[in-house]
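K.L.:
One file is attached below, query.cif, containing mmCIF, C-alpha atoms.
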```cif
data_protein
#
loop_
_atom_site.label_atom_id
_atom_site.label_comp_id
_atom_site.auth_asym_id
_atom_site.auth_seq_id
_atom_site.Cartn_x
_atom_site.Cartn_y
_atom_site.Cartn_z
CA MET A 420 0.00 0.00 0.00
CA ALA A 421 1.29 3.41 -0.95
CA THR A 422 0.45 6.32 1.33
CA SER A 423 0.32 9.91 0.18
CA GLN A 424 -0.88 13.17 1.66
CA TRP A 425 -3.00 15.85 0.04
CA HIS A 426 -4.10 19.13 1.59
CA ARG A 427 -6.00 22.22 0.59
CA PHE A 428 -6.81 25.57 2.21
CA TYR A 429 -10.20 27.15 1.69
CA VAL A 430 -10.63 30.76 2.77
CA LEU A 431 -13.60 33.07 2.50
CA GLU A 432 -15.15 35.98 4.33
CA ILE A 433 -18.69 35.58 5.60
CA ALA A 434 -20.81 38.54 6.70
CA ALA A 435 -21.71 36.98 10.05
CA PRO A 436 -20.10 36.95 13.51
CA PRO A 437 -17.68 34.16 14.51
CA GLU A 438 -20.04 33.06 17.29
CA LEU A 439 -22.85 32.29 14.82
CA LEU A 440 -20.53 30.44 12.43
CA PHE A 441 -19.01 28.41 15.27
CA GLU A 442 -22.50 27.50 16.46
CA LEU A 443 -23.50 26.33 12.96
CA LEU A 444 -20.30 24.30 12.45
CA ALA A 445 -20.29 22.76 15.93
CA ASP A 446 -23.95 21.69 15.78
CA LEU A 447 -23.27 18.57 13.72
CA PRO A 448 -26.86 17.22 13.78
CA GLY A 449 -28.02 20.72 12.79
CA TYR A 450 -26.12 20.65 9.48
CA ARG A 451 -29.37 19.61 7.81
CA ARG A 452 -30.64 23.15 8.55
CA TRP A 453 -28.11 24.75 6.23
CA LEU A 454 -26.36 22.05 4.17
CA PRO A 455 -28.52 20.47 1.46
CA GLU A 456 -28.06 16.76 0.74
CA SER A 457 -25.54 15.63 -1.85
CA ASP A 458 -24.26 12.30 -3.12
CA ARG A 459 -21.77 12.43 -0.20
CA PHE A 460 -23.93 13.87 2.61
CA SER A 461 -27.42 13.33 4.00
CA ARG A 462 -27.01 13.87 7.75
CA THR A 463 -24.67 13.87 10.73
CA ASP A 464 -25.40 12.29 14.11
CA ALA A 465 -23.36 13.08 17.24
CA GLU A 466 -22.89 11.55 20.68
CA PRO A 467 -22.83 13.03 23.21
CA TYR A 468 -24.90 16.05 22.24
CA PRO A 469 -24.38 18.99 22.48
CA VAL A 470 -21.11 18.65 20.59
CA GLY A 471 -17.82 19.29 22.37
CA LEU A 472 -14.25 18.07 22.50
CA GLY A 473 -14.22 14.28 22.09
CA THR A 474 -17.73 14.02 20.61
CA ARG A 475 -18.07 11.09 18.21
CA TYR A 476 -20.05 11.68 15.05
CA ARG A 477 -21.48 9.60 12.21
CA ASP A 478 -21.37 11.40 8.88
CA GLY A 479 -21.96 10.85 5.19
CA ARG A 480 -25.04 8.93 4.10
CA PRO A 481 -25.69 6.74 7.18
CA ASP A 482 -28.77 5.08 5.65
CA GLU A 483 -26.71 3.62 2.78
CA PRO A 484 -24.30 0.73 3.44
CA GLY A 485 -20.67 1.70 2.88
CA LYS A 486 -21.42 5.44 2.69
CA GLU A 487 -21.05 6.37 6.34
CA TRP A 488 -18.07 6.97 8.57
CA TRP A 489 -17.39 7.71 12.20
CA GLY A 490 -15.24 10.57 13.39
CA THR A 491 -14.24 12.58 16.44
CA VAL A 492 -14.19 16.26 17.35
CA THR A 493 -10.48 16.68 18.10
CA GLY A 494 -10.44 20.43 18.77
CA TYR A 495 -13.14 22.65 20.22
CA ARG A 496 -12.29 26.27 21.03
CA PRO A 497 -15.35 28.55 20.78
CA PRO A 498 -15.73 30.83 18.96
CA GLY A 499 -12.39 30.55 17.16
CA SER A 500 -11.65 27.02 15.96
CA LEU A 501 -12.90 23.48 15.46
CA ASP A 502 -11.07 20.30 14.45
CA PHE A 503 -12.46 17.02 13.15
CA GLN A 504 -10.96 13.63 12.22
CA HIS A 505 -12.57 10.63 10.54
CA GLY A 506 -11.63 7.68 8.40
CA ILE A 507 -13.22 6.60 5.14
CA ALA A 508 -12.83 3.28 3.34
CA VAL A 509 -13.23 3.43 -0.45
CA ARG A 510 -13.74 -0.22 -1.27
CA GLN A 511 -13.77 0.24 -5.06
CA LEU A 512 -10.22 1.64 -4.92
CA ARG A 513 -9.07 -0.51 -1.99
CA ALA A 514 -8.21 2.80 -0.31
CA ALA A 515 -8.26 4.05 3.27
CA ILE A 516 -8.47 7.79 3.81
CA ASP A 517 -7.67 9.48 7.10
CA VAL A 518 -9.39 12.87 7.00
CA HIS A 519 -8.45 15.83 9.21
CA PHE A 520 -9.91 19.27 8.93
CA HIS A 521 -9.56 22.45 10.90
CA TYR A 522 -11.78 25.53 10.92
CA SER A 523 -10.37 28.87 12.00
CA LEU A 524 -12.87 31.72 12.53
CA GLU A 525 -11.29 35.16 12.77
CA PRO A 526 -13.07 38.53 12.99
CA ALA A 527 -12.69 40.47 9.74
CA ALA A 528 -13.68 43.90 8.45
CA HIS A 529 -17.11 42.76 7.25
CA GLY A 530 -17.77 39.66 9.32
CA THR A 531 -15.59 36.60 9.78
CA ARG A 532 -12.68 35.16 7.85
CA VAL A 533 -13.31 31.42 7.68
CA SER A 534 -10.32 29.22 6.91
CA ARG A 535 -10.73 25.49 6.46
CA TRP A 536 -7.66 23.31 6.17
CA LEU A 537 -8.32 19.83 4.81
CA VAL A 538 -5.63 17.14 5.10
CA LEU A 539 -6.07 13.69 3.56
CA ASP A 540 -3.73 10.77 4.25
CA ILE A 541 -4.56 8.33 1.46
CA SER A 542 -3.44 4.68 1.48
CA MET A 543 -4.08 2.72 -1.70
CA PRO A 544 -2.31 0.17 -3.90
CA TRP A 545 0.38 1.58 -6.19
CA LEU A 546 -1.41 0.33 -9.27
CA LEU A 547 -4.52 2.32 -8.41
CA ARG A 548 -2.64 5.47 -7.41
CA PRO A 549 -3.44 7.31 -10.69
CA LEU A 550 -7.08 7.26 -9.51
CA ARG A 551 -6.16 9.33 -6.45
CA ALA A 552 -7.20 12.45 -8.37
CA LEU A 553 -10.80 11.17 -8.37
CA VAL A 554 -10.71 11.04 -4.57
CA THR A 555 -9.18 14.48 -4.10
CA ARG A 556 -11.51 16.07 -6.67
CA SER A 557 -14.53 14.65 -4.84
CA PHE A 558 -13.31 16.03 -1.50
CA ASP A 559 -12.54 19.40 -3.09
CA ARG A 560 -16.05 19.72 -4.57
CA GLU A 561 -17.72 18.80 -1.27
CA ASN A 562 -15.62 21.28 0.70
CA VAL A 563 -16.37 24.12 -1.72
CA ARG A 564 -20.09 23.20 -1.62
CA THR A 565 -20.13 23.10 2.19
CA LEU A 566 -18.50 26.51 2.59
CA ALA A 567 -20.81 28.06 -0.03
CA ALA A 568 -23.86 26.67 1.81
CA LEU A 569 -22.54 27.95 5.15
CA ARG A 570 -22.06 31.42 3.67
CA ALA A 571 -25.48 31.48 1.99
CA TYR A 572 -27.27 30.39 5.15
CA ALA A 573 -25.37 32.66 7.55
CA GLU A 574 -25.76 35.70 5.32
CA SER A 575 -29.44 35.09 4.53
CA GLY A 576 -30.57 36.20 7.97
CA SER A 577 -33.62 33.95 7.68
CA ARG A 578 -32.13 30.84 9.31
CA ALA A 579 -34.69 28.87 7.31
CA PRO A 580 -34.00 25.23 6.37
CA PRO A 581 -32.29 24.74 2.99
CA ARG A 582 -34.32 23.72 -0.02
CA ALA A 583 -33.76 20.21 -1.29
#
```
So that I can check it, write out the structure of this file as structure tokens.

P.N.:
Amino acid sequence: MATSQWHRFYVLEIAAPPELLFELLADLPGYRRWLPESDRFSRTDAEPYPVGLGTRYRDGRPDEPGKEWWGTVTGYRPPGSLDFQHGIAVRQLRAAIDVHFHYSLEPAAHGTRVSRWLVLDISMPWLLRPLRALVTRSFDRENVRTLAALRAYAESGSRAPPRA
């Protein structure tokens, strides 16, 4: 098995206070309020609730076999930062992915500067390594989608549930 690492920074400014954004990001079961379903996400469960350091969560598409994963909140510093870690098995590629991501929420001129650092440790057979780009592209799309949904919801002021 070959192991490689891939990381990406995502940065955007959201016209909302850090406290609100931290609340939205830390409320894992509440993601359904602001993050529409996708082929990668339908809901997140957490135990214990409310979420804090050490909380375990089940993410992905828990109602579909092989499309869920368990993770842990590894950093919890309101209202400034959150850290998460989970593992994903991609059976089709015989790959194991260790996922770490960190949110930093810093006051900015017109709201909050949100930085998300995604780090993937990918283990997969050498022969399948050219397919690694499919994995990273999928993660990239989902991260961009998540941050766009967070921004749209936080800036809408309505706090209404997202449309499917």

K.L.:
Residues at most 6 Å from region 504-509 of chain A, counting all atoms listed in the file, excluding those fewer than 5 positions away in the same chain, as a PyMOL selection string?

P.N.:
chain A and resi 488-491+514-519

K.L.:
Identify all residues satisfying the PyMOL selection byres ((chain A and resi 498-503) around 8) in the given file; provide them as number ranges by chain.

P.N.:
A: 437-438, 441-442, 445, 490-497, 504-505, 519-525

K.L.:
Can you pull out every residue within 9 Å of Ser461 (chain A), counting all atoms listed in the file, but drop anything in the same chain fewer than 2 positions away, and send it as a PyMOL selection string?

P.N.:
chain A and resi 451+454-459+463+478-482

K.L.:
Quick one: write out the picked residues with C-alpha atoms as a tab-separated table (two decimals), in the coordinates of the input?

P.N.:
```tsv
chain	number	residue	atom	x	y	z
A	451	ARG	CA	-29.37	19.61	7.81
A	454	LEU	CA	-26.36	22.05	4.17
A	455	PRO	CA	-28.52	20.47	1.46
A	456	GLU	CA	-28.06	16.76	0.74
A	457	SER	CA	-25.54	15.63	-1.85
A	458	ASP	CA	-24.26	12.30	-3.12
A	459	ARG	CA	-21.77	12.43	-0.20
A	463	THR	CA	-24.67	13.87	10.73
A	478	ASP	CA	-21.37	11.40	8.88
A	479	GLY	CA	-21.96	10.85	5.19
A	480	ARG	CA	-25.04	8.93	4.10
A	481	PRO	CA	-25.69	6.74	7.18
A	482	ASP	CA	-28.77	5.08	5.65
```

K.L.:
Given the file shown, enumerate the residues that the PyMOL selection byres ((chain A and resi 537) around 7) captures and present them as a ChimeraX atom specification.

P.N.:
/A:426-428,519-521,535-536,538-539

K.L.:
As an exercise, work out the distance from CA of Ala552 (chain A) to CA of Gln511 (chain A) in Å and give it to one decimal place.

P.N.:
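Atom-to-atom, CA of Ala552 (chain A) and CA of Gln511 (chain A) are spaced 14.3 Å apart.
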
K.L.:
Measuring atom to atom with only C-alpha atoms, identify which of A:Leu440, A:Phe558, A:Pro484, A:Trp453 is nearest to Tyr572 (chain A).

P.N.:
A:Trp453

K.L.:
CA of Gln424 (chain A) and CA of Pro549 (chain A), how far apart in Å?

P.N.:
13.9 Å
